[in-house]
$ cat my_file-v9.txt   # compact mmCIF, C-alpha atoms and all ligand atoms
# COMPACT_ATOMS: atom_id res chain seq x y z
CA MET M 1 -22.43 -6.58 10.16
CA ALA M 2 -20.36 -3.38 10.10
CA ALA M 3 -21.83 -0.15 8.85
CA VAL M 4 -20.14 2.83 7.28
CA ASN M 5 -20.43 6.59 7.48
CA ALA M 6 -20.25 7.69 3.86
CA VAL M 7 -20.65 11.09 2.23
CA GLU M 8 -21.09 10.16 -1.45
CA ILE M 9 -21.38 7.14 -3.72
CA PHE M 10 -21.06 7.95 -7.39
CA SER M 11 -19.71 6.90 -10.77
CA SER M 12 -17.10 8.97 -12.58
CA VAL M 13 -13.59 8.58 -13.93
CA GLN M 14 -10.39 8.79 -11.94
CA GLY M 15 -9.25 12.39 -11.88
CA GLU M 16 -5.69 12.09 -10.62
CA GLY M 17 -2.71 9.79 -10.40
CA PRO M 18 -1.51 7.07 -12.78
CA ASP M 19 -5.04 5.68 -13.32
CA VAL M 20 -6.41 9.02 -14.51
CA GLY M 21 -9.29 8.66 -16.96
CA ARG M 22 -10.26 5.09 -15.97
CA SER M 23 -13.93 4.54 -15.12
CA THR M 24 -14.23 4.46 -11.35
CA LEU M 25 -17.00 4.02 -8.83
CA PHE M 26 -16.27 6.06 -5.72
CA VAL M 27 -17.35 5.43 -2.13
CA ARG M 28 -16.37 8.55 -0.21
CA PHE M 29 -16.08 7.98 3.54
CA GLY M 30 -17.05 10.61 6.11
CA GLY M 31 -14.49 11.90 8.61
CA CYS M 32 -10.87 12.98 8.35
CA ASP M 33 -8.33 13.68 11.07
CA LEU M 34 -6.02 15.86 8.94
CA ARG M 35 -6.45 19.37 7.59
CA CYS M 36 -4.65 19.96 4.29
CA ARG M 37 -4.50 23.57 3.12
CA TRP M 38 -5.57 22.59 -0.40
CA CYS M 39 -8.24 20.02 0.55
CA ASP M 40 -10.81 19.60 -2.24
CA SER M 41 -13.36 17.86 -0.04
CA PRO M 42 -13.74 19.70 3.27
CA HIS M 43 -17.34 18.50 3.34
CA THR M 44 -15.88 15.11 4.34
CA TRP M 45 -14.01 16.33 7.41
CA GLN M 46 -16.85 15.38 9.75
CA PRO M 47 -18.99 12.24 9.62
CA ALA M 48 -22.12 13.05 7.63
CA ALA M 49 -25.75 12.77 8.71
CA SER M 50 -26.67 11.46 5.27
CA CYS M 51 -25.04 10.13 2.11
CA ARG M 52 -25.61 11.35 -1.47
CA VAL M 53 -26.03 8.35 -3.73
CA GLU M 54 -26.09 8.55 -7.52
CA THR M 55 -29.11 6.64 -8.73
CA ALA M 56 -27.95 5.51 -12.18
CA ARG M 57 -24.58 5.68 -13.91
CA GLY M 58 -23.97 8.80 -15.95
CA THR M 59 -27.18 10.58 -14.95
CA GLY M 60 -25.90 12.94 -12.27
CA SER M 61 -29.12 12.41 -10.32
CA PHE M 62 -28.82 11.63 -6.64
CA ARG M 63 -30.92 10.44 -3.72
CA THR M 64 -30.14 10.70 -0.02
CA LEU M 65 -29.74 7.90 2.51
CA ASP M 66 -29.30 8.33 6.26
CA ASN M 67 -26.00 7.30 7.85
CA PRO M 68 -24.69 4.92 8.92
CA LEU M 69 -25.20 2.69 5.89
CA ALA M 70 -25.16 -1.08 6.19
CA LEU M 71 -22.42 -2.48 3.97
CA ASP M 72 -25.05 -4.50 2.11
CA THR M 73 -26.78 -1.21 1.25
CA VAL M 74 -23.54 0.18 -0.20
CA VAL M 75 -23.09 -2.94 -2.30
CA GLU M 76 -26.66 -2.61 -3.59
CA CYS M 77 -25.98 1.05 -4.47
CA ALA M 78 -22.82 -0.02 -6.31
CA LYS M 79 -24.72 -2.67 -8.26
CA ALA M 80 -27.35 -0.09 -9.22
CA LEU M 81 -24.49 1.98 -10.66
CA ASP M 82 -23.33 -1.02 -12.71
CA ALA M 83 -20.21 -1.55 -10.60
CA PRO M 84 -18.87 -4.49 -12.66
CA ALA M 85 -18.65 -2.24 -15.74
CA HIS M 86 -16.08 0.00 -14.03
CA ALA M 87 -12.34 -0.45 -14.19
CA MET M 88 -11.90 0.48 -10.55
CA LEU M 89 -13.76 0.83 -7.28
CA ALA M 90 -12.24 3.54 -5.09
CA LEU M 91 -12.54 3.78 -1.33
CA THR M 92 -11.78 7.42 -0.70
CA GLY M 93 -12.56 10.20 1.71
CA GLY M 94 -12.35 11.73 4.04
CA GLU M 95 -10.19 8.96 5.33
CA PRO M 96 -11.34 5.35 4.82
CA LEU M 97 -8.90 3.93 7.35
CA LEU M 98 -10.64 5.75 10.20
CA GLN M 99 -13.33 3.07 9.65
CA PRO M 100 -11.13 0.01 9.05
CA GLU M 101 -13.79 -2.64 9.59
CA ALA M 102 -16.08 -0.98 7.06
CA ALA M 103 -13.21 -0.38 4.63
CA ALA M 104 -12.15 -4.03 4.79
CA GLY M 105 -15.72 -5.27 4.40
CA LEU M 106 -16.42 -3.00 1.43
CA ALA M 107 -13.10 -3.77 -0.26
CA ARG M 108 -13.90 -7.47 -0.03
CA ALA M 109 -17.54 -7.20 -1.10
CA LEU M 110 -17.03 -4.65 -3.89
CA GLY M 111 -13.89 -6.38 -5.15
CA ALA M 112 -15.96 -9.53 -5.64
CA LEU M 113 -17.94 -7.61 -8.28
CA GLY M 114 -14.87 -7.61 -10.52
CA PRO M 115 -13.11 -4.26 -10.77
CA GLU M 116 -9.79 -3.45 -9.14
CA VAL M 117 -10.11 -2.05 -5.62
CA LEU M 118 -8.25 1.19 -5.01
CA LEU M 119 -7.65 2.51 -1.50
CA GLU M 120 -7.05 6.28 -1.48
CA THR M 121 -5.65 7.28 1.89
CA HIS M 122 -3.74 10.00 3.67
CA GLY M 123 -1.16 7.36 4.49
CA VAL M 124 -0.91 8.05 8.20
CA ALA M 125 -3.12 5.38 9.84
CA HIS M 126 -0.59 2.54 9.58
CA GLU M 127 -2.18 0.61 12.45
CA ALA M 128 -5.43 0.22 10.49
CA LEU M 129 -3.94 -0.85 7.16
CA PRO M 130 -3.25 -4.57 7.78
CA GLU M 131 -6.98 -5.30 8.16
CA VAL M 132 -7.80 -3.74 4.80
CA LEU M 133 -4.72 -4.48 2.71
CA PRO M 134 -5.51 -8.13 1.78
CA HIS M 135 -8.62 -6.95 -0.07
CA VAL M 136 -7.00 -4.10 -2.01
CA ASP M 137 -5.34 -4.11 -5.44
CA VAL M 138 -3.88 -0.61 -5.40
CA VAL M 139 -2.87 1.55 -2.44
CA SER M 140 -2.63 5.24 -3.31
CA MET M 141 -1.22 7.05 -0.30
CA ASP M 142 -0.35 10.66 0.22
CA TRP M 143 2.93 11.82 1.67
CA LYS M 144 1.96 14.95 3.57
CA LEU M 145 4.36 17.84 3.98
CA ALA M 146 4.20 19.24 7.48
CA GLY M 147 4.42 22.80 6.17
CA GLU M 148 1.06 22.35 4.40
CA VAL M 149 -0.92 19.97 6.60
CA ARG M 150 -1.87 19.74 10.25
CA ARG M 151 -3.60 17.16 12.34
CA ALA M 152 -7.18 18.20 13.13
CA SER M 153 -6.33 18.12 16.83
CA ASP M 154 -3.39 20.52 16.45
CA PRO M 155 -3.90 24.27 16.60
CA ALA M 156 -1.30 24.99 13.93
CA ARG M 157 0.69 23.26 11.25
CA GLY M 158 3.95 21.86 12.54
CA ALA M 159 2.75 21.87 16.16
CA VAL M 160 3.79 18.24 16.49
CA ALA M 161 6.29 16.08 14.64
CA PRO M 162 5.99 15.90 10.85
CA PHE M 163 4.28 12.94 9.23
CA ASP M 164 7.41 11.25 7.86
CA ASP M 165 7.68 8.50 10.47
CA ASP M 166 3.99 7.59 10.20
CA HIS M 167 4.21 7.58 6.40
CA GLU M 168 7.32 5.41 6.45
CA ARG M 169 5.63 2.86 8.71
CA PHE M 170 2.54 2.96 6.50
CA LEU M 171 4.55 2.42 3.32
CA GLY M 172 6.39 -0.46 4.98
CA VAL M 173 3.02 -2.25 5.21
CA ALA M 174 1.50 -0.95 1.96
CA ARG M 175 4.40 -2.17 -0.19
CA ALA M 176 2.88 -5.68 0.03
CA ALA M 177 0.00 -4.52 -2.19
CA PRO M 178 0.07 -5.46 -5.89
CA ARG M 179 0.50 -1.76 -6.77
CA VAL M 180 1.57 1.18 -4.63
CA VAL M 181 1.34 4.86 -5.56
CA VAL M 182 2.73 7.65 -3.38
CA LYS M 183 1.48 11.16 -4.08
CA ILE M 184 3.05 14.41 -2.95
CA VAL M 185 0.99 17.55 -3.51
CA VAL M 186 3.35 20.43 -4.26
CA THR M 187 2.47 24.09 -3.68
CA PRO M 188 4.65 27.16 -4.25
CA ALA M 189 5.30 27.11 -0.49
CA SER M 190 6.39 23.44 -0.33
CA ALA M 191 9.92 23.12 0.98
CA ASP M 192 12.43 21.28 -1.22
CA ALA M 193 14.05 19.83 1.89
CA GLU M 194 10.75 18.22 2.95
CA ILE M 195 10.23 16.76 -0.52
CA ASP M 196 13.80 15.44 -0.67
CA GLU M 197 13.36 13.83 2.75
CA ALA M 198 10.17 12.11 1.56
CA VAL M 199 11.75 10.88 -1.66
CA GLY M 200 14.71 9.45 0.25
CA ARG M 201 12.45 7.55 2.60
CA ILE M 202 10.24 6.23 -0.24
CA ALA M 203 13.34 5.04 -2.12
CA ARG M 204 14.56 3.22 0.96
CA VAL M 205 11.25 1.54 1.90
CA ALA M 206 9.45 0.92 -1.41
CA PRO M 207 11.66 1.69 -4.41
CA ALA M 208 9.15 0.08 -6.80
CA ALA M 209 6.38 2.49 -5.82
CA VAL M 210 5.15 5.01 -8.39
CA LEU M 211 5.80 8.55 -7.15
CA VAL M 212 3.32 11.16 -8.34
CA LEU M 213 4.29 14.79 -7.94
CA GLN M 214 1.00 16.64 -8.16
CA PRO M 215 1.09 20.41 -8.66
CA VAL M 216 -1.62 21.74 -6.37
CA THR M 217 -4.97 22.79 -7.78
CA PRO M 218 -5.42 26.29 -6.31
CA ARG M 219 -8.38 26.46 -3.94
CA GLY M 220 -9.18 28.06 -0.60
CA PRO M 221 -6.12 29.66 0.96
CA VAL M 222 -3.87 28.21 -1.79
CA THR M 223 -4.15 30.63 -4.69
CA GLU M 224 -1.23 29.69 -6.93
CA ARG M 225 0.29 26.55 -8.38
CA PRO M 226 4.03 25.84 -8.63
CA ASP M 227 5.48 26.67 -12.02
CA ALA M 228 6.45 24.03 -14.55
CA ALA M 229 10.19 24.53 -14.14
CA ARG M 230 9.92 23.84 -10.42
CA MET M 231 7.93 20.64 -11.02
CA LEU M 232 10.33 19.41 -13.70
CA GLY M 233 13.28 20.11 -11.43
CA LEU M 234 11.70 18.19 -8.57
CA ALA M 235 10.89 15.29 -10.88
CA ALA M 236 14.42 15.17 -12.21
CA ARG M 237 15.86 15.12 -8.72
CA ALA M 238 13.43 12.43 -7.51
CA GLY M 239 14.16 10.42 -10.64
CA GLN M 240 17.73 9.99 -9.48
CA ARG M 241 16.45 7.89 -6.58
CA LEU M 242 13.20 6.36 -7.87
CA ALA M 243 12.53 4.51 -11.12
CA ASP M 244 8.98 5.72 -11.77
CA VAL M 245 8.34 9.40 -11.10
CA ARG M 246 5.44 11.20 -12.79
CA VAL M 247 4.15 14.77 -12.74
CA ILE M 248 0.35 14.56 -12.95
CA PRO M 249 -2.02 17.45 -12.14
CA GLN M 250 -5.64 16.84 -11.19
CA THR M 251 -7.81 16.59 -14.29
CA HIS M 252 -11.40 16.55 -12.99
CA PRO M 253 -11.47 20.28 -12.07
CA VAL M 254 -10.66 21.06 -15.72
CA TRP M 255 -13.95 19.64 -16.96
CA GLY M 256 -16.05 19.99 -13.82
CA ALA M 257 -16.36 16.31 -12.97
CA LEU M 258 -16.83 15.05 -9.43
S1 LIG J 1 -6.36 14.04 4.11
FE1 LIG J 1 -7.67 14.26 2.29
S2 LIG J 1 -9.78 14.65 3.10
FE2 LIG J 1 -8.31 14.96 4.79
S3 LIG J 1 -7.93 17.19 4.78
FE3 LIG J 1 -6.30 16.20 3.55
S4 LIG J 1 -7.04 16.24 1.41
FE4 LIG J 1 -8.81 16.64 2.78

$ encode --input "my_file-v9.txt" --output "structure tokens"
Amino acid sequence: MAAVNAVEIFSSVQGEGPDVGRSTLFVRFGGCDLRCRWCDSPHTWQPAASCRVETARGTGSFRTLDNPLALDTVVECAKALDAPAHAMLALTGGEPLLQPEAAAGLARALGALGPEVLLETHGVAHEALPEVLPHVDVVSMDWKLAGEVRRASDPARGAVAPFDDDHERFLGVARAAPRVVVKIVVTPASADAEIDEAVGRIARVAPAAVLVLQPVTPRGPVTERPDAARMLGLAARAGQRLADVRVIPQTHPVWGAL
């Protein structure tokens, strides 16, 4: 049976996107092949030697298990956190689709416990998605702006082609999911032309998708957020091409939740 490299398994509530506030059990995968300037989980960039596992829901107490974890072990951890009592089970990262066999196995096994299965992904690994998609209820993919994000293998942002073609291929597969959310993180430096290009492609490929424009949470080298007028202007412009456009900042940093 497949095993997984995971960084954290814990119970919380969804902190961003259209499902914000819903009780969610998170399995955070280790390893990511992108480098976003605003990344809130750089501890997931490399596969982890061990995984932090919350021991009981709502306690904030953790134990440590060595990686890789058998999928059965993850399911047992989820049951110990009362997985069926959650609204959603989120496979997040890091990047879950760098471990597609594990992601598919966990989506299937955890989904059988009842809650909706949410796949949170950078939206680039289109070749891995078909294996996982049949077991997922919601795909939440990012649309990365090349001015803000680089591939881990590239020395600088923009050293290779932007992510638009990969995202478009990914969305062409993801649109078969029951629900699809596309998120664009906007910083003061984000280029309107890049955002307009993304919105045009989303409207062409998956017009029923929910588009979330997320003003960045300042961290690391990103020290400021875009102002409200900018966000409202972007939303108004995107709304001319997409039916469901929402401006939703991250909420968990406000109250210190994981
Ligand atoms: S894709 Fe996600 S985990 Fe990877 S660097 Fe970007 S924000 Fe961080």

$ closest_residue --input "my_file-v9.txt" --among "M:Cys77, M:Ala238, M:Val4, M:Ala257" --to "Gly200 (chain M)" --atoms "all atoms listed in the file"
M:Ala238

$ residues_around --input "my_file-v9.txt" --residues "Thr92 (chain M)" --least-positions-apart "5" --cutoff "12 Å" --atoms "only C-alpha atoms" --output "mmCIF file with C-alpha atoms, in the frame of the given file"
data_model
loop_
_atom_site.group_PDB
_atom_site.id
_atom_site.type_symbol
_atom_site.label_atom_id
_atom_site.label_comp_id
_atom_site.auth_asym_id
_atom_site.auth_seq_id
_atom_site.Cartn_x
_atom_site.Cartn_y
_atom_site.Cartn_z
ATOM 1 C CA ASN M 5 -20.430 6.590 7.480
ATOM 2 C CA ALA M 6 -20.250 7.690 3.860
ATOM 3 C CA VAL M 7 -20.650 11.090 2.230
ATOM 4 C CA GLU M 8 -21.090 10.160 -1.450
ATOM 5 C CA ILE M 9 -21.380 7.140 -3.720
ATOM 6 C CA PHE M 10 -21.060 7.950 -7.390
ATOM 7 C CA GLN M 14 -10.390 8.790 -11.940
ATOM 8 C CA THR M 24 -14.230 4.460 -11.350
ATOM 9 C CA LEU M 25 -17.000 4.020 -8.830
ATOM 10 C CA PHE M 26 -16.270 6.060 -5.720
ATOM 11 C CA VAL M 27 -17.350 5.430 -2.130
ATOM 12 C CA ARG M 28 -16.370 8.550 -0.210
ATOM 13 C CA PHE M 29 -16.080 7.980 3.540
ATOM 14 C CA GLY M 30 -17.050 10.610 6.110
ATOM 15 C CA GLY M 31 -14.490 11.900 8.610
ATOM 16 C CA CYS M 32 -10.870 12.980 8.350
ATOM 17 C CA SER M 41 -13.360 17.860 -0.040
ATOM 18 C CA THR M 44 -15.880 15.110 4.340
ATOM 19 C CA LEU M 97 -8.900 3.930 7.350
ATOM 20 C CA LEU M 98 -10.640 5.750 10.200
ATOM 21 C CA GLN M 99 -13.330 3.070 9.650
ATOM 22 C CA ALA M 103 -13.210 -0.380 4.630
ATOM 23 C CA LEU M 106 -16.420 -3.000 1.430
ATOM 24 C CA ALA M 107 -13.100 -3.770 -0.260
ATOM 25 C CA VAL M 117 -10.110 -2.050 -5.620
ATOM 26 C CA LEU M 118 -8.250 1.190 -5.010
ATOM 27 C CA LEU M 119 -7.650 2.510 -1.500
ATOM 28 C CA GLU M 120 -7.050 6.280 -1.480
ATOM 29 C CA THR M 121 -5.650 7.280 1.890
ATOM 30 C CA HIS M 122 -3.740 10.000 3.670
ATOM 31 C CA GLY M 123 -1.160 7.360 4.490
ATOM 32 C CA VAL M 139 -2.870 1.550 -2.440
ATOM 33 C CA SER M 140 -2.630 5.240 -3.310
ATOM 34 C CA MET M 141 -1.220 7.050 -0.300
ATOM 35 C CA ASP M 142 -0.350 10.660 0.220
#

$ residues_around --input "my_file-v9.txt" --residues "region 130-136 of chain M" --least-positions-apart "3" --cutoff "10 Å" --atoms "only C-alpha atoms" --output "VMD selection string"
chain M and resid 89 to 91 96 to 97 100 to 112 116 to 119 126 to 127 139 170 173 to 179

$ closest_residue --input "my_file-v9.txt" --among "M:Thr217, M:Ser50, M:Thr55, M:Ser190" --to "ligand LIG 1 (chain J)" --atoms "all atoms listed in the file"
M:Thr217

$ atom_distance --input "my_file-v9.txt" --atom1 "CA of Ser23 (chain M)" --atom2 "CA of Trp143 (chain M)"
24.9 Å

$ atom_distance --input "my_file-v9.txt" --atom1 "CA of Pro218 (chain M)" --atom2 "CA of His43 (chain M)"
17.2 Å
